[in-house]
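Notes to accompany the following structure.
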Amino acid sequence: MTRHFEARDVAWLALAMALAGALFWISSRYFPDQLGYDMYHPWGIAAVRSDVPRPADPYADTGRYAEAMSAFARASKSPKAWLAENFWHDRTAAHIEPTGTPLYYALLSVLPADYDRAHLCVALVQFACTALALVLLLRLAGIAALPALCVAFVVELTYNPFIQDVKMANANSPQLAAFALLVHASARGALERHRVMDRLFLPALALLVAIKPNIAWIAALLAAHYLVKRGWKHTLQGALLALPVVAAGIALGAWYFGSLGAWTDWLHYIRAGSLLYSLDGGNQSVAMLMAEKTGGYDVYTYSLLLVGVVALACIVALTQSGQRPDLLVRGAREALADPWFAASLGVAVTCATAPLVWPHYFLLNLIPITWLVARRGRTRVDIGCGVASFLMQAKPVIVFLGLFHWTGLISSMMAFTWAPLLPPLLVHLARTREALAAQSSPWSNESATRPSPAPSDPMR
């Protein structure tokens, strides 16, 4: 038996090394052609910030920053920097679109001044974060480290949202890793065992939102999980600790641009419509699709309506279409006690309702996909839905469909990759409600309360 396990471990190690080699070879081949467009803003802003008179910021003084960044990029020795500058110069009349928060740009100011080195640093972090996230999540399902690492390598080889995240040099890989760490810590009982981790759970969520608010729903549902698991006392303590953490983040962003006004300028910038990217501009939001195709409401109204629809669906699942309203709170508490489910529902809500959804946002779908496919208690339908969602964004499938020039099918498939995830999450809520209803049924304790029959007399 010992030899069997040793041989299996050697086989997994050999497979992991082979997949790592394939990943390195393919990534090295295509990385020179990936320009890291989204990194151009934090990289360029950091490079020219000292040359632009303070307290100017890229939100209010967009033209001045764009001109300085363009000159710096053209003076560099990196063809990637030239091409990235040319991309943004042609994309928008302002030549840059600084939609990131001041804190986000401040944190990325540590990037090297050389564009190629900066992009390589970001890419290495992305590969490491995605692999770490998948290993942590799969370990929760009882999968050994080496098989989990092999799965991570396969995902990085084939999953289009990850490929897009590296191509654009965005931040979804670190976000995925951060949420996986929080889910893993809570599911493993670390919050009860380690006071520091318990105290930092809510501040970490608040800081993630302050860096990039696009994950607010995921953070909100994980905060609700924390309330369910740790109670009001710990939640209030965590919320109080979150205030100085967020204040420090705001202060760092303000210091970076020389004025607290950078935050208000950022708010004015995004409220002026800078986030209203069209479908033609790459936005894969369902709310934007409805706004452009119907013209009835704007994208933010449709986004709120979609949130309401998802919330109503959750209420219907938890109350048996309103027949058991008494189970709403209990069912929600029971379901949200699982941090993996809470994060999964947050991801599904985000992808289904957000007014802005880029292709790399769907990298976060790996949280509900792994929950459906790998967790204990999964069903065949769960596995099928998780696999379907993955295949809708699998690069081999996209390339195969591209051979037939089915671009419309590819676009629709990629935009609705969240669709197979939401129904099984709602079914899980319904099953949670059914379990609670069975426990509260007057017949459920019948066997416990009914007196047991007297033993038969063998002499009769």
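Labels for the structure tokens follow display order: chains A, B, ..., residues from 1 in each chain, ligands from 1.
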*Compile the contact shell of stretch 320-337 of chain A as a VMD selection string: residues with an atom at most 10 Å away, counting only C-alpha atoms, same-chain residues fewer than 6 positions apart removed.*
chain A and resid 186 to 187 221 to 230 312 to 314 343 345 425 428 to 437 440
_Long-range neighbours of A:Gln284 as a list of chain:residue names, 6 Å cut-off, only C-alpha atoms, 3 positions minimum in chain_ = A:Val357, A:Trp358, A:Ala415
Writer output for current selection, N, CA and C atoms, as a short mmCIF file (atom, residue, chain, number, x, y, z; two decimals), in the first residue's frame:
data_model
loop_
_atom_site.label_atom_id
_atom_site.label_comp_id
_atom_site.auth_asym_id
_atom_site.auth_seq_id
_atom_site.Cartn_x
_atom_site.Cartn_y
_atom_site.Cartn_z
N VAL A 357 -18.51 44.95 -17.12
CA VAL A 357 -17.92 43.61 -16.98
C VAL A 357 -16.95 43.40 -18.13
N TRP A 358 -15.66 43.37 -17.80
CA TRP A 358 -14.64 43.04 -18.79
C TRP A 358 -14.44 41.54 -18.83
N ALA A 415 -20.16 36.17 -22.75
CA ALA A 415 -20.82 37.18 -21.92
C ALA A 415 -21.73 36.54 -20.88
#
Using only C-alpha atoms, find each residue in stretch 181-229 of chain A having at least one atom no more than 8 Å away from stretch 129-151 of chain A; report its shortest atom-to-atom pair and that distance in Å (one decimal), rows by chain then rising number, as a tab-separated table.
residue	atom	partner	partner_atom	distance
A:Leu181	CA	A:Leu136	CA	7.1
A:Val183	CA	A:Leu137	CA	8.0
A:His184	CA	A:Leu136	CA	6.4
A:Ala187	CA	A:Leu140	CA	7.6
A:Arg188	CA	A:Leu140	CA	7.8
*asked:* If you run DSSP on the backbone here, which positions in stretch 40-166 of chain A get alpha helix (DSSP H)? Please write them as number ranges by chain.
replied: A: 40-48, 62-75, 79-91, 102-107, 115-140, 145-158, 160-166
*Which residues, written as a ChimeraX atom specification, have at least one atom at most 7 Å from A:Gln34, with only C-alpha atoms counted and residues fewer than 3 positions away on the same chain left out?*
/A:30-31,167
Mind writing the picked residues with N, CA and C atoms as a PDB file, in the first residue's frame?
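Writing the result to selection.pdb gives the following:
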ATOM      1  N   TYR A  30       3.895  33.580 -26.072  1.00  0.00           N
ATOM      2  CA  TYR A  30       2.873  34.586 -26.360  1.00  0.00           C
ATOM      3  C   TYR A  30       3.030  35.873 -25.545  1.00  0.00           C
ATOM      4  N   PHE A  31       3.787  35.831 -24.455  1.00  0.00           N
ATOM      5  CA  PHE A  31       3.896  37.003 -23.601  1.00  0.00           C
ATOM      6  C   PHE A  31       4.462  38.229 -24.321  1.00  0.00           C
ATOM      7  N   LYS A 167      -3.008  39.340 -20.341  1.00  0.00           N
ATOM      8  CA  LYS A 167      -2.876  40.170 -21.540  1.00  0.00           C
ATOM      9  C   LYS A 167      -3.076  41.645 -21.228  1.00  0.00           C
TER      10      LYS A 167
END
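The shell of residues at most 7 Å from stretch 288-290 of chain A, with only C-alpha atoms counted and near chain neighbours (fewer than 2 positions) removed, consists of Ser278, Leu279, Ser285, Val286, Glu292, Lys293, Thr294, Val299 and Pro355 of chain A.
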Counting only C-alpha atoms, give me one row per residue of stretch 33-137 of chain A with an atom at most 12 Å from an atom of stretch 250-257 of chain A, showing the shortest contact pair and its distance in Å to one decimal, sorted by chain then residue number, as JSON lines.
{"residue": "A:Pro42", "atom": "CA", "partner": "A:Tyr256", "partner_atom": "CA", "distance": 11.8}
{"residue": "A:Ile45", "atom": "CA", "partner": "A:Phe257", "partner_atom": "CA", "distance": 9.8}
{"residue": "A:Ala46", "atom": "CA", "partner": "A:Tyr256", "partner_atom": "CA", "distance": 9.2}
{"residue": "A:Val48", "atom": "CA", "partner": "A:Phe257", "partner_atom": "CA", "distance": 11.3}
{"residue": "A:Arg49", "atom": "CA", "partner": "A:Phe257", "partner_atom": "CA", "distance": 7.6}
{"residue": "A:Ser50", "atom": "CA", "partner": "A:Phe257", "partner_atom": "CA", "distance": 9.4}
{"residue": "A:Asp51", "atom": "CA", "partner": "A:Phe257", "partner_atom": "CA", "distance": 11.8}
{"residue": "A:Val52", "atom": "CA", "partner": "A:Phe257", "partner_atom": "CA", "distance": 10.0}
{"residue": "A:Pro53", "atom": "CA", "partner": "A:Phe257", "partner_atom": "CA", "distance": 9.9}
{"residue": "A:Arg54", "atom": "CA", "partner": "A:Phe257", "partner_atom": "CA", "distance": 7.0}
{"residue": "A:Pro55", "atom": "CA", "partner": "A:Phe257", "partner_atom": "CA", "distance": 6.1}
{"residue": "A:Ala56", "atom": "CA", "partner": "A:Phe257", "partner_atom": "CA", "distance": 7.0}
{"residue": "A:Asp57", "atom": "CA", "partner": "A:Phe257", "partner_atom": "CA", "distance": 6.0}
{"residue": "A:Pro58", "atom": "CA", "partner": "A:Phe257", "partner_atom": "CA", "distance": 8.9}
{"residue": "A:Tyr59", "atom": "CA", "partner": "A:Phe257", "partner_atom": "CA", "distance": 10.5}
{"residue": "A:Ala60", "atom": "CA", "partner": "A:Phe257", "partner_atom": "CA", "distance": 11.4}
{"residue": "A:Asp61", "atom": "CA", "partner": "A:Phe257", "partner_atom": "CA", "distance": 11.5}
{"residue": "A:Tyr65", "atom": "CA", "partner": "A:Phe257", "partner_atom": "CA", "distance": 12.0}
{"residue": "A:Gly100", "atom": "CA", "partner": "A:Gly253", "partner_atom": "CA", "distance": 10.9}
{"residue": "A:Thr101", "atom": "CA", "partner": "A:Gly253", "partner_atom": "CA", "distance": 7.8}
{"residue": "A:Pro102", "atom": "CA", "partner": "A:Gly253", "partner_atom": "CA", "distance": 4.5}
{"residue": "A:Leu103", "atom": "CA", "partner": "A:Gly253", "partner_atom": "CA", "distance": 4.2}
{"residue": "A:Tyr104", "atom": "CA", "partner": "A:Gly253", "partner_atom": "CA", "distance": 7.7}
{"residue": "A:Tyr105", "atom": "CA", "partner": "A:Gly253", "partner_atom": "CA", "distance": 7.6}
{"residue": "A:Ala106", "atom": "CA", "partner": "A:Gly253", "partner_atom": "CA", "distance": 5.7}
{"residue": "A:Leu107", "atom": "CA", "partner": "A:Gly253", "partner_atom": "CA", "distance": 8.4}
{"residue": "A:Leu108", "atom": "CA", "partner": "A:Tyr256", "partner_atom": "CA", "distance": 10.9}
{"residue": "A:Ser109", "atom": "CA", "partner": "A:Tyr256", "partner_atom": "CA", "distance": 9.0}
{"residue": "A:Val110", "atom": "CA", "partner": "A:Tyr256", "partner_atom": "CA", "distance": 11.9}
Go ahead and write the selection's residues with N, CA and C atoms as a CSV table (one decimal), in the first residue's frame.
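Result file out_7.csv:
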chain,number,residue,atom,x,y,z
A,42,PRO,N,-1.3,53.0,-14.4
A,42,PRO,CA,-0.5,53.1,-13.2
A,42,PRO,C,1.0,53.3,-13.5
A,45,ILE,N,1.4,57.0,-14.9
A,45,ILE,CA,1.1,58.0,-13.8
A,45,ILE,C,2.2,58.0,-12.8
A,46,ALA,N,2.8,56.9,-12.5
A,46,ALA,CA,3.9,56.9,-11.5
A,46,ALA,C,5.1,57.5,-12.1
A,48,VAL,N,5.3,60.0,-14.4
A,48,VAL,CA,5.2,61.4,-14.7
A,48,VAL,C,4.6,62.2,-13.6
A,49,ARG,N,4.3,61.6,-12.5
A,49,ARG,CA,3.6,62.3,-11.4
A,49,ARG,C,4.4,63.4,-10.8
A,50,SER,N,5.7,63.2,-10.7
A,50,SER,CA,6.6,64.3,-10.2
A,50,SER,C,6.8,65.4,-11.2
A,51,ASP,N,6.5,65.2,-12.5
A,51,ASP,CA,6.7,66.2,-13.5
A,51,ASP,C,5.4,67.1,-13.7
A,52,VAL,N,4.3,66.6,-13.2
A,52,VAL,CA,3.0,67.4,-13.3
A,52,VAL,C,2.9,68.1,-12.0
A,53,PRO,N,2.7,69.5,-12.1
A,53,PRO,CA,2.6,70.3,-10.8
A,53,PRO,C,1.5,69.8,-9.9
A,54,ARG,N,1.8,69.6,-8.7
A,54,ARG,CA,0.8,69.1,-7.7
A,54,ARG,C,-0.1,70.3,-7.3
A,55,PRO,N,-1.3,70.1,-6.9
A,55,PRO,CA,-2.0,68.8,-6.7
A,55,PRO,C,-2.8,68.3,-7.9
A,56,ALA,N,-2.2,68.5,-9.0
A,56,ALA,CA,-2.9,67.9,-10.2
A,56,ALA,C,-3.0,66.4,-10.1
A,57,ASP,N,-4.1,65.9,-10.7
A,57,ASP,CA,-4.3,64.5,-10.7
A,57,ASP,C,-4.9,64.1,-12.1
A,58,PRO,N,-4.8,62.8,-12.5
A,58,PRO,CA,-5.2,62.4,-13.8
A,58,PRO,C,-6.7,62.5,-14.0
A,59,TYR,N,-7.5,62.6,-13.0
A,59,TYR,CA,-8.9,62.7,-13.2
A,59,TYR,C,-9.4,64.1,-13.6
A,60,ALA,N,-8.8,65.1,-12.9
A,60,ALA,CA,-9.2,66.5,-13.2
A,60,ALA,C,-8.3,67.1,-14.3
A,61,ASP,N,-7.0,66.7,-14.4
A,61,ASP,CA,-6.0,67.2,-15.3
A,61,ASP,C,-5.6,66.1,-16.3
A,65,TYR,N,-1.8,65.0,-17.9
A,65,TYR,CA,-1.2,63.7,-17.6
A,65,TYR,C,-1.0,62.9,-18.9
A,100,GLY,N,-9.0,53.9,-12.4
A,100,GLY,CA,-8.6,53.3,-11.1
A,100,GLY,C,-8.7,54.3,-10.0
A,101,THR,N,-8.9,53.8,-8.8
A,101,THR,CA,-8.9,54.7,-7.6
A,101,THR,C,-7.5,55.2,-7.3
A,102,PRO,N,-7.4,56.3,-6.6
A,102,PRO,CA,-6.1,56.9,-6.2
A,102,PRO,C,-5.3,55.8,-5.4
A,103,LEU,N,-6.0,55.0,-4.6
A,103,LEU,CA,-5.3,54.0,-3.8
A,103,LEU,C,-4.7,52.9,-4.8
A,104,TYR,N,-5.4,52.5,-5.8
A,104,TYR,CA,-4.9,51.5,-6.7
A,104,TYR,C,-3.7,52.0,-7.4
A,105,TYR,N,-3.7,53.3,-7.9
A,105,TYR,CA,-2.5,53.8,-8.5
A,105,TYR,C,-1.3,54.0,-7.6
A,106,ALA,N,-1.6,54.3,-6.3
A,106,ALA,CA,-0.6,54.5,-5.3
A,106,ALA,C,0.1,53.1,-5.0
A,107,LEU,N,-0.7,52.1,-4.9
A,107,LEU,CA,-0.1,50.7,-4.6
A,107,LEU,C,0.7,50.2,-5.8
A,108,LEU,N,0.3,50.6,-7.0
A,108,LEU,CA,1.1,50.1,-8.2
A,108,LEU,C,2.2,51.1,-8.6
A,109,SER,N,2.5,52.1,-7.8
A,109,SER,CA,3.6,53.0,-8.1
A,109,SER,C,4.9,52.3,-7.8
A,110,VAL,N,4.9,51.1,-7.3
A,110,VAL,CA,6.2,50.4,-7.0
A,110,VAL,C,6.7,49.7,-8.3
*Residues at most 12 Å from A:Leu243, counting only C-alpha atoms, excluding those fewer than 2 positions away in the same chain, as number ranges by chain?*
A: 200, 202-207, 210, 236-241, 245-250
Pull C-alpha atoms from the residues just selected and write them as a compact mmCIF listing (two decimals), in the first residue's frame.
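What landed in part26.txt:
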# COMPACT_ATOMS: atom_id res chain seq x y z
CA LEU A 200 -8.43 41.51 10.10
CA LEU A 202 -13.53 42.73 7.74
CA PRO A 203 -10.73 45.33 7.39
CA ALA A 204 -9.29 43.21 4.55
CA LEU A 205 -12.66 43.20 2.78
CA ALA A 206 -13.00 46.96 3.21
CA LEU A 207 -9.51 47.53 1.85
CA ALA A 210 -11.28 50.71 -1.50
CA LEU A 236 -18.82 45.53 15.27
CA GLN A 237 -15.22 45.20 16.43
CA GLY A 238 -14.13 44.30 12.90
CA ALA A 239 -16.11 47.18 11.43
CA LEU A 240 -14.49 49.61 13.84
CA LEU A 241 -11.06 48.31 12.85
CA VAL A 245 -7.74 50.83 7.57
CA VAL A 246 -9.93 52.48 4.94
CA ALA A 247 -8.92 55.90 6.22
CA ALA A 248 -5.27 54.92 5.82
CA GLY A 249 -5.97 53.77 2.26
CA ILE A 250 -7.71 57.03 1.44
Find the residues around A:Ile367 up to 8 Å (only C-alpha atoms counted), leave out those fewer than 5 positions away in its own chain, and share them as an mmCIF file with C-alpha atoms, in the first residue's frame.
data_model
loop_
_atom_site.group_PDB
_atom_site.id
_atom_site.type_symbol
_atom_site.label_atom_id
_atom_site.label_comp_id
_atom_site.auth_asym_id
_atom_site.auth_seq_id
_atom_site.Cartn_x
_atom_site.Cartn_y
_atom_site.Cartn_z
ATOM 1 C CA LEU A 137 -10.004 26.312 -2.802
ATOM 2 C CA LEU A 176 -9.117 36.000 -6.694
ATOM 3 C CA ALA A 180 -9.581 32.493 -1.705
ATOM 4 C CA TRP A 340 -17.269 29.440 -0.106
ATOM 5 C CA ALA A 343 -18.266 34.261 -2.086
ATOM 6 C CA SER A 344 -19.711 32.178 -4.940
ATOM 7 C CA VAL A 347 -19.381 36.463 -7.798
#
Exercise: A:Val155 partners within 12 Å, only C-alpha atoms, chain neighbours under 3 positions left out, as a short mmCIF file (atom, residue, chain, number, x, y, z; two decimals) with C-alpha atoms, in the first residue's frame:
data_model
loop_
_atom_site.label_atom_id
_atom_site.label_comp_id
_atom_site.auth_asym_id
_atom_site.auth_seq_id
_atom_site.Cartn_x
_atom_site.Cartn_y
_atom_site.Cartn_z
CA LEU A 19 2.23 21.03 -17.06
CA ALA A 20 4.53 23.67 -15.58
CA LEU A 23 2.78 26.61 -19.22
CA PHE A 127 0.34 33.44 -12.32
CA THR A 130 -4.28 32.33 -9.58
CA ALA A 131 -2.40 29.13 -8.78
CA ALA A 133 -6.22 30.64 -5.17
CA LEU A 134 -7.06 27.37 -6.91
CA VAL A 135 -4.87 25.28 -4.62
CA ALA A 148 -4.70 20.82 -7.03
CA LEU A 149 -1.57 22.39 -8.48
CA CYS A 150 -2.03 20.39 -11.68
CA VAL A 151 -5.58 21.71 -11.96
CA ALA A 152 -4.25 25.24 -11.45
CA THR A 158 -6.82 27.10 -21.00
CA TYR A 159 -9.08 29.57 -19.15
CA ASN A 160 -9.65 32.66 -21.26
CA PRO A 161 -10.37 35.11 -18.40
CA PHE A 162 -6.96 34.36 -16.92
CA ILE A 163 -5.33 34.75 -20.33
CA LEU A 363 -11.70 34.97 -13.68
CA ASN A 365 -16.00 32.68 -11.65
CA LEU A 366 -13.42 30.12 -10.57
CA ILE A 369 -16.99 26.84 -10.40
CA THR A 370 -14.75 25.07 -7.90
CA PHE A 390 -15.74 26.75 -17.54
CA LEU A 391 -16.11 25.46 -21.09
CA GLN A 393 -14.66 30.48 -21.43
CA ALA A 394 -12.21 27.71 -22.34
CA LYS A 395 -9.70 28.86 -24.93
CA PRO A 396 -9.74 25.55 -26.92
#
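Here atom CA of A:His89 and atom CA of A:Met69 stand 10.6 Å from one another.
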*Please, what distance in Å, to one decimal, runs between atom CA of A:Gly189 and atom CA of A:Leu426?*
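So the answer is 25.7 Å.
A straight line drawn from atom CA of A:Pro98 to atom CA of A:Asp116 is 20.5 Å long.
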